[in-house]
file upload.cif (mmCIF, C-alpha atoms)
data_input
#
loop_
_atom_site.label_atom_id
_atom_site.label_comp_id
_atom_site.auth_asym_id
_atom_site.auth_seq_id
_atom_site.Cartn_x
_atom_site.Cartn_y
_atom_site.Cartn_z
CA MET A 294 -8.23 -9.76 -41.32
CA LEU A 295 -7.59 -6.02 -41.43
CA ASP A 296 -3.96 -4.91 -41.53
CA PHE A 297 -3.51 -2.63 -38.52
CA THR A 298 0.02 -1.73 -39.64
CA LYS A 299 -1.57 0.39 -42.37
CA ILE A 300 -3.52 2.55 -39.92
CA LYS A 301 -2.76 6.23 -40.56
CA THR A 302 -2.05 8.48 -37.59
CA ILE A 303 -1.96 12.26 -37.17
CA SER A 304 0.07 14.53 -34.93
CA ILE A 305 -1.49 15.71 -31.69
CA LYS A 306 -0.62 19.22 -32.89
CA GLN A 307 -3.40 18.92 -35.48
CA ARG A 308 -6.10 18.12 -32.93
CA LYS A 309 -8.41 20.56 -31.19
CA ASN A 310 -8.98 19.81 -27.51
CA LYS A 311 -11.72 20.55 -25.02
CA VAL A 312 -9.62 20.58 -21.83
CA LYS A 313 -6.66 22.85 -21.11
CA LEU A 314 -4.42 23.58 -18.12
CA LYS A 315 -6.46 26.65 -17.22
CA ASP A 316 -9.45 24.37 -16.62
CA LEU A 317 -7.72 22.49 -13.80
CA ILE A 318 -8.97 23.49 -10.36
CA LYS A 319 -6.14 24.35 -7.98
CA PRO A 320 -6.28 22.94 -4.43
CA GLU A 321 -6.49 26.40 -2.89
CA ASN A 322 -9.61 27.10 -4.97
CA SER A 323 -11.64 24.03 -4.00
CA LYS A 324 -14.79 24.81 -2.07
CA VAL A 325 -17.78 23.08 -0.52
CA LEU A 326 -20.63 22.82 -3.00
CA ILE A 327 -22.43 19.87 -1.39
CA ASN A 328 -23.77 19.58 2.13
CA SER A 329 -25.58 16.45 3.24
CA LYS A 330 -25.56 14.16 6.26
CA ASP A 331 -24.37 11.16 4.24
CA PHE A 332 -21.62 13.14 2.55
CA ASP A 333 -20.37 14.45 5.88
CA GLU A 334 -20.46 10.95 7.36
CA LEU A 335 -18.36 9.67 4.46
CA ILE A 336 -15.79 12.41 5.05
CA GLU A 337 -15.70 11.49 8.74
CA LYS A 338 -15.08 7.83 7.93
CA LEU A 339 -12.30 8.72 5.52
CA VAL A 340 -10.58 11.11 7.92
CA ASP A 341 -10.76 8.49 10.68
CA ALA A 342 -9.16 5.95 8.33
CA TYR A 343 -6.41 8.42 7.48
CA LYS A 344 -5.69 9.20 11.14
CA ASN A 345 -5.62 5.48 11.98
CA LYS A 346 -3.25 4.78 9.07
CA LYS A 347 -5.73 2.54 7.27
CA GLN A 348 -5.90 1.82 3.56
CA ILE A 349 -7.59 4.41 1.33
CA ILE A 350 -8.01 3.51 -2.35
CA LEU A 351 -9.31 5.86 -5.03
CA MET A 352 -10.68 4.24 -8.18
CA MET A 353 -11.40 6.80 -10.89
CA GLY A 354 -12.78 7.10 -14.37
CA ALA A 355 -11.14 9.36 -16.95
CA HIS A 356 -13.92 11.94 -16.71
CA VAL A 357 -12.42 13.05 -13.39
CA ILE A 358 -9.42 14.30 -15.36
CA LYS A 359 -11.53 15.72 -18.19
CA VAL A 360 -13.47 18.00 -15.85
CA GLY A 361 -10.29 19.44 -14.36
CA MET A 362 -9.99 17.59 -11.04
CA SER A 363 -6.45 16.20 -11.36
CA LEU A 364 -4.76 18.70 -9.06
CA LEU A 365 -7.24 17.97 -6.26
CA VAL A 366 -6.53 14.24 -6.52
CA ILE A 367 -2.79 14.96 -6.57
CA ASP A 368 -3.09 17.14 -3.46
CA LEU A 369 -4.78 14.31 -1.56
CA MET A 370 -1.99 11.99 -2.69
CA LYS A 371 0.69 14.42 -1.53
CA LYS A 372 -0.97 14.77 1.86
CA GLY A 373 -0.97 11.01 2.31
CA VAL A 374 -4.76 10.67 2.25
CA VAL A 375 -5.01 8.64 -0.95
CA LYS A 376 -2.71 5.63 -0.74
CA HIS A 377 -3.56 3.89 -4.03
CA ILE A 378 -4.86 5.19 -7.36
CA ALA A 379 -6.66 2.86 -9.77
CA MET A 380 -7.66 3.96 -13.26
CA ASN A 381 -9.48 2.48 -16.21
CA GLY A 382 -7.62 2.45 -19.52
CA ALA A 383 -8.75 5.91 -20.60
CA GLY A 384 -7.32 7.60 -17.50
CA PRO A 385 -3.63 7.36 -18.46
CA ILE A 386 -4.36 8.75 -21.93
CA HIS A 387 -5.81 12.02 -20.69
CA ASP A 388 -3.32 12.17 -17.82
CA PHE A 389 -0.42 11.73 -20.25
CA GLU A 390 -1.71 14.27 -22.75
CA ILE A 391 -2.05 16.89 -20.02
CA ALA A 392 1.59 16.25 -19.12
CA LEU A 393 2.66 16.30 -22.77
CA ILE A 394 0.87 19.35 -24.20
CA GLY A 395 -1.26 20.76 -21.37
CA GLU A 396 -4.45 19.80 -23.24
CA THR A 397 -6.63 16.73 -23.80
CA SER A 398 -10.09 15.45 -24.86
CA GLU A 399 -10.81 15.65 -28.56
CA TYR A 400 -14.10 16.46 -30.28
CA VAL A 401 -15.16 12.88 -30.97
CA GLU A 402 -18.34 13.88 -32.75
CA GLN A 403 -16.16 15.42 -35.46
CA THR A 404 -13.17 13.08 -35.66
CA ILE A 405 -15.22 9.87 -35.74
CA GLU A 406 -16.62 10.97 -39.10
CA ASP A 407 -13.30 11.02 -40.97
CA GLY A 408 -11.55 8.16 -39.17
CA THR A 409 -9.10 10.33 -37.24
CA PHE A 410 -10.69 9.76 -33.84
CA GLY A 411 -8.00 8.56 -31.46
CA MET A 412 -5.41 8.24 -34.22
CA ILE A 413 -2.83 10.40 -32.43
CA GLU A 414 0.76 9.49 -33.20
CA GLU A 415 2.43 10.84 -30.06
CA THR A 416 -0.09 9.45 -27.57
CA GLY A 417 -0.14 6.03 -29.18
CA SER A 418 3.57 5.60 -29.83
CA ILE A 419 4.82 6.95 -26.50
CA LEU A 420 2.29 5.16 -24.28
CA ASN A 421 2.62 1.88 -26.16
CA GLY A 422 6.38 2.25 -25.90
CA ALA A 423 6.10 2.75 -22.14
CA ILE A 424 3.89 -0.33 -21.86
CA LYS A 425 6.30 -2.47 -23.87
CA ASP A 426 9.22 -1.31 -21.73
CA GLY A 427 7.21 -2.06 -18.61
CA ALA A 428 6.37 -5.55 -19.81
CA LYS A 429 10.05 -6.33 -20.32
CA SER A 430 10.82 -5.19 -16.77
CA ASN A 431 7.76 -6.83 -15.16
CA PHE A 432 6.37 -3.44 -14.15
CA GLY A 433 2.71 -2.58 -13.97
CA MET A 434 1.17 -0.26 -16.53
CA GLY A 435 0.60 2.66 -14.15
CA TYR A 436 4.19 2.62 -12.93
CA SER A 437 5.51 2.27 -16.49
CA ILE A 438 3.63 5.33 -17.72
CA GLY A 439 4.57 7.42 -14.69
CA LYS A 440 8.20 6.46 -15.24
CA LYS A 441 8.00 7.35 -18.94
CA ILE A 442 6.61 10.80 -18.11
CA ASP A 443 9.53 11.24 -15.71
CA ASP A 444 12.10 9.94 -18.19
CA LEU A 445 10.87 12.36 -20.85
CA ASN A 446 10.67 15.20 -18.30
CA LEU A 447 7.39 16.34 -19.83
CA LYS A 448 6.63 20.02 -19.46
CA ASN A 449 3.46 19.66 -17.41
CA LYS A 450 4.38 16.54 -15.46
CA GLU A 451 3.39 18.16 -12.15
CA CYS A 452 -0.23 18.00 -13.37
CA SER A 453 -0.05 14.26 -14.01
CA ILE A 454 -1.58 11.91 -11.46
CA LEU A 455 0.57 9.00 -12.65
CA TRP A 456 3.79 11.01 -12.53
CA ASN A 457 3.03 12.17 -8.99
CA ALA A 458 2.22 8.59 -7.97
CA TYR A 459 5.57 7.50 -9.44
CA LYS A 460 7.47 10.21 -7.53
CA LEU A 461 5.54 9.65 -4.30
CA ARG A 462 5.87 5.86 -4.62
CA ILE A 463 2.12 5.42 -4.36
CA PRO A 464 0.73 2.40 -6.21
CA ALA A 465 -1.04 3.52 -9.38
CA THR A 466 -2.71 0.75 -11.33
CA VAL A 467 -4.39 0.70 -14.73
CA HIS A 468 -7.11 -1.81 -15.57
CA VAL A 469 -7.89 -2.08 -19.26
CA ALA A 470 -10.32 -3.73 -21.65
CA ILE A 471 -8.52 -4.56 -24.89
CA GLY A 472 -9.94 -2.44 -27.71
CA ALA A 473 -11.57 0.11 -25.42
CA ASP A 474 -8.80 2.72 -25.54
CA ILE A 475 -7.42 4.79 -28.39
CA ILE A 476 -3.85 3.55 -27.98
CA HIS A 477 -5.10 0.09 -28.97
CA GLN A 478 -5.85 1.54 -32.42
CA HIS A 479 -2.24 2.61 -32.90
CA PRO A 480 -0.05 0.37 -35.10
CA SER A 481 2.52 0.11 -32.29
CA CYS A 482 0.11 -1.51 -29.82
CA ASP A 483 1.30 -4.86 -28.44
CA GLY A 484 -1.63 -6.76 -26.97
CA ALA A 485 0.63 -9.10 -25.01
CA ALA A 486 2.39 -6.16 -23.34
CA VAL A 487 -0.93 -4.49 -22.54
CA GLY A 488 -2.19 -7.70 -20.98
CA LYS A 489 0.98 -8.37 -19.02
CA THR A 490 1.29 -4.90 -17.50
CA SER A 491 -2.40 -4.56 -16.70
CA TYR A 492 -2.46 -8.02 -15.12
CA GLN A 493 0.54 -7.05 -13.02
CA ASP A 494 -1.47 -4.03 -11.91
CA PHE A 495 -4.38 -6.31 -11.01
CA LYS A 496 -2.07 -8.18 -8.64
CA ILE A 497 -0.80 -4.92 -7.15
CA PHE A 498 -4.37 -3.69 -6.73
CA THR A 499 -5.41 -6.93 -5.05
CA GLU A 500 -2.56 -6.53 -2.58
CA SER A 501 -3.90 -3.10 -1.64
CA VAL A 502 -7.45 -4.44 -1.34
CA SER A 503 -6.21 -7.19 1.00
CA ASN A 504 -5.28 -4.42 3.46
CA LEU A 505 -8.66 -2.67 3.27
CA GLU A 506 -10.00 -3.73 6.68
CA ASP A 507 -11.28 -0.55 8.44
CA GLY A 508 -10.23 1.38 5.34
CA VAL A 509 -12.01 3.21 2.54
CA ILE A 510 -12.57 2.37 -1.13
CA LEU A 511 -13.86 5.16 -3.38
CA ASN A 512 -15.16 4.80 -6.91
CA ILE A 513 -15.42 8.12 -8.70
CA GLY A 514 -16.81 8.09 -12.19
CA CYS A 515 -16.17 4.53 -13.39
CA ALA A 516 -19.34 2.66 -14.31
CA VAL A 517 -18.08 -0.78 -15.32
CA ILE A 518 -14.39 -1.76 -15.33
CA LEU A 519 -13.21 -0.77 -11.87
CA PRO A 520 -16.29 -1.99 -9.96
CA GLU A 521 -15.83 -5.37 -11.65
CA VAL A 522 -12.08 -5.44 -10.96
CA PHE A 523 -12.62 -4.49 -7.33
CA LEU A 524 -15.11 -7.30 -6.72
CA LYS A 525 -12.66 -9.87 -8.10
CA ALA A 526 -9.76 -8.45 -6.09
CA LEU A 527 -11.86 -8.55 -2.93
CA THR A 528 -12.82 -12.18 -3.38
CA ILE A 529 -9.18 -13.15 -4.01
CA ALA A 530 -8.15 -11.35 -0.80
CA ARG A 531 -10.82 -13.16 1.19
CA ASN A 532 -10.06 -16.47 -0.54
CA LEU A 533 -6.45 -16.18 0.60
CA GLY A 534 -7.51 -15.62 4.19
CA HIS A 535 -7.18 -11.86 4.56
CA LYS A 536 -9.64 -10.21 6.91
CA VAL A 537 -11.43 -7.68 4.74
CA ARG A 538 -14.89 -7.36 6.27
CA LYS A 539 -15.38 -3.89 7.71
CA ILE A 540 -15.09 -1.54 4.73
CA THR A 541 -16.27 1.97 4.00
CA ALA A 542 -17.21 1.93 0.32
CA ALA A 543 -18.48 4.90 -1.65
CA ASN A 544 -19.55 5.61 -5.20
CA LEU A 545 -19.44 9.21 -6.39
CA ASP A 546 -20.87 9.65 -9.86
CA MET A 547 -23.27 11.67 -11.96
CA ILE A 548 -25.62 8.71 -12.56
CA ASP A 549 -26.65 5.79 -10.38
CA HIS A 550 -25.18 2.84 -12.31
CA TYR A 551 -25.84 -0.81 -11.45
CA ARG A 552 -22.26 -2.09 -11.10
CA PRO A 553 -20.88 0.64 -8.82
CA ARG A 554 -23.96 0.37 -6.61
CA GLU A 555 -23.82 -3.43 -6.37
CA ASN A 556 -20.10 -4.21 -6.72
CA VAL A 557 -18.67 -1.30 -4.71
CA VAL A 558 -21.30 -0.08 -2.26
CA GLN A 559 -23.58 -3.02 -1.42
CA ARG A 560 -22.00 -6.45 -1.91
CA PRO A 561 -18.56 -5.70 -0.39
CA THR A 562 -20.12 -4.22 2.78
CA SER A 563 -22.48 -7.13 3.48
CA LEU A 564 -20.17 -8.41 6.25
CA GLY A 565 -19.70 -5.03 7.89
CA GLY A 566 -18.80 -1.43 7.23
CA ASN A 567 -20.74 1.29 5.45
CA GLY A 568 -21.80 2.04 1.90
CA PHE A 569 -22.43 5.48 0.43
CA MET A 570 -23.91 6.71 -2.84
CA VAL A 571 -23.31 10.33 -3.83
CA ILE A 572 -24.98 11.22 -7.12
CA GLU A 573 -23.98 14.65 -8.39
CA ARG A 574 -21.67 16.17 -10.98
CA HIS A 575 -17.93 15.72 -10.41
CA GLU A 576 -17.53 19.49 -10.60
CA LYS A 577 -19.45 19.65 -7.31
CA THR A 578 -18.57 16.42 -5.51
CA ILE A 579 -14.79 16.41 -5.94
CA PRO A 580 -14.10 20.03 -4.87
CA SER A 581 -16.46 19.50 -1.91
CA PHE A 582 -14.79 16.20 -1.09
CA HIS A 583 -11.31 17.76 -1.26
CA ARG A 584 -12.19 20.88 0.75
CA LYS A 585 -14.00 19.03 3.51
CA ILE A 586 -11.10 16.58 3.94
CA ILE A 587 -8.46 19.31 3.96
CA ASP A 588 -10.42 21.43 6.43
CA SER A 589 -11.02 18.41 8.66
CA LEU A 590 -7.30 17.61 8.72
CA LYS A 591 -6.47 21.21 9.59
CA THR A 592 -8.98 21.63 12.39
CA GLY A 593 -9.22 18.06 13.67
CA ARG A 594 -12.99 18.19 13.18
CA GLN A 595 -15.55 18.34 10.41
CA ASP A 596 -17.61 21.49 9.86
#
call {"tool": "encode", "arguments": {"input": "upload.cif", "output": "structure tokens"}}
result
Amino acid sequence: MLDFTKIKTISIKQRKNKVKLKDLIKPENSKVLINSKDFDELIEKLVDAYKNKKQIILMMGAHVIKVGMSLLVIDLMKKGVVKHIAMNGAGPIHDFEIALIGETSEYVEQTIEDGTFGMIEETGSILNGAIKDGAKSNFGMGYSIGKKIDDLNLKNKECSILWNAYKLRIPATVHVAIGADIIHQHPSCDGAAVGKTSYQDFKIFTESVSNLEDGVILNIGCAVILPEVFLKALTIARNLGHKVRKITAANLDMIDHYRPRENVVQRPTSLGGNGFMVIERHEKTIPSFHRKIIDSLKTGRQD
């Protein structure tokens, strides 16, 4: 068996990054780039859920962060629209690196060739340390990383979704596949701690899903992990007797993938509710989504 303790890491200072703070879209600069009947109906359903104090869950892939949409997500959290954030395992990595150095997203096509892809000392050691600390305290992974960002008082913490969730006391859960994320390559990774904290987050997520009646579940940019996790959480909630039948479920992505379509939009709404598919680039859907919601909340109507 290979000896992972001999894996060589490099400093994040040596890495070139694709995404920088200047690429993040500020809430005041979001604008409507999509107009369609279905999109407007989705916004209406979400605003109604917000006004009626119903559950609104945002599941998101890491690409949402990589295309500069973090501040728009954070703004919806601050305004009380988004009540739960769920990420796949890549999300916290990019979120953390933005907080740490104001940059993220390496040039994989280059670093995979010399074995330095993902071998970042700071990202691996700090995040794995946060996860180990969280496991000892029976915290979930999302909370543990948000707390670590706060404890370290990272320079760009205001741009971190997980830090804002921690400060706002909004559940933020991370759902991982062992071996899928770069911090699993780091010599400090503890598989038991990863499993314990992510499983704790699964329980937290399931609790939120159990309160989803007349609420909204959004999947933005996650093709596999989160649609699968959601379907399992939903069946647990129903198995335990929670009424979760009338759901507004939407998938916003650049490609029509099987699992989001089946496991988010179609199967969960078979007993009631509405399903929406919005296929377009995140750079168009998320600013449009944010602007239409904010304008609706300001005017009490949807334009």
call {"tool": "closest_residue", "arguments": {"input": "upload.cif", "among": "A:Gly488, A:Val517, A:Leu317, A:Ala526", "to": "Val502 of chain A", "atoms": "all atoms listed in the file"}}
result
A:Ala526
call {"tool": "atom_distance", "arguments": {"input": "upload.cif", "atom1": "atom CA of Met353 of chain A", "atom2": "atom CA of Glu406 of chain A"}}
result
29.0 Å
call {"tool": "resolve_selection", "arguments": {"input": "upload.cif", "expression": "the PyMOL selection byres ((chain A and resi 379-383) around 9)", "output": "number ranges by chain"}}
result
A: 350-356, 377-378, 384-388, 435, 464-471, 473-475, 494, 498, 515, 518-519
call {"tool": "write_last_selection", "arguments": {"input": "upload.cif", "atoms": "C-alpha atoms", "output": "mmCIF file, in the frame of the given file"}}
result
data_model
loop_
_atom_site.group_PDB
_atom_site.id
_atom_site.type_symbol
_atom_site.label_atom_id
_atom_site.label_comp_id
_atom_site.auth_asym_id
_atom_site.auth_seq_id
_atom_site.Cartn_x
_atom_site.Cartn_y
_atom_site.Cartn_z
ATOM 1 C CA ILE A 350 -8.010 3.510 -2.350
ATOM 2 C CA LEU A 351 -9.310 5.860 -5.030
ATOM 3 C CA MET A 352 -10.680 4.240 -8.180
ATOM 4 C CA MET A 353 -11.400 6.800 -10.890
ATOM 5 C CA GLY A 354 -12.780 7.100 -14.370
ATOM 6 C CA ALA A 355 -11.140 9.360 -16.950
ATOM 7 C CA HIS A 356 -13.920 11.940 -16.710
ATOM 8 C CA HIS A 377 -3.560 3.890 -4.030
ATOM 9 C CA ILE A 378 -4.860 5.190 -7.360
ATOM 10 C CA GLY A 384 -7.320 7.600 -17.500
ATOM 11 C CA PRO A 385 -3.630 7.360 -18.460
ATOM 12 C CA ILE A 386 -4.360 8.750 -21.930
ATOM 13 C CA HIS A 387 -5.810 12.020 -20.690
ATOM 14 C CA ASP A 388 -3.320 12.170 -17.820
ATOM 15 C CA GLY A 435 0.600 2.660 -14.150
ATOM 16 C CA PRO A 464 0.730 2.400 -6.210
ATOM 17 C CA ALA A 465 -1.040 3.520 -9.380
ATOM 18 C CA THR A 466 -2.710 0.750 -11.330
ATOM 19 C CA VAL A 467 -4.390 0.700 -14.730
ATOM 20 C CA HIS A 468 -7.110 -1.810 -15.570
ATOM 21 C CA VAL A 469 -7.890 -2.080 -19.260
ATOM 22 C CA ALA A 470 -10.320 -3.730 -21.650
ATOM 23 C CA ILE A 471 -8.520 -4.560 -24.890
ATOM 24 C CA ALA A 473 -11.570 0.110 -25.420
ATOM 25 C CA ASP A 474 -8.800 2.720 -25.540
ATOM 26 C CA ILE A 475 -7.420 4.790 -28.390
ATOM 27 C CA ASP A 494 -1.470 -4.030 -11.910
ATOM 28 C CA PHE A 498 -4.370 -3.690 -6.730
ATOM 29 C CA CYS A 515 -16.170 4.530 -13.390
ATOM 30 C CA ILE A 518 -14.390 -1.760 -15.330
ATOM 31 C CA LEU A 519 -13.210 -0.770 -11.870
#
call {"tool": "atom_distance", "arguments": {"input": "upload.cif", "atom1": "atom CA of Leu461 of chain A", "atom2": "atom CA of Ser491 of chain A"}}
result
20.5 Å
call {"tool": "resolve_selection", "arguments": {"input": "upload.cif", "expression": "the PyMOL selection byres ((chain A and resi 534-548) around 9)", "output": "PyMOL selection string"}}
result
chain A and resi 335+338-339+502-516+527+529-533+549-550+553-554+557-559+561-575+578-579
call {"tool": "atom_distance", "arguments": {"input": "upload.cif", "atom1": "atom CA of Ser398 of chain A", "atom2": "atom CA of Lys313 of chain A"}}
result
9.0 Å
call {"tool": "residues_around", "arguments": {"input": "upload.cif", "residues": "Gly427 of chain A", "least_positions_apart": "6", "cutoff": "7 Å", "atoms": "only C-alpha atoms", "output": "list in words"}}
result
Gly433, Met434, Ser437 and Thr490 of chain A
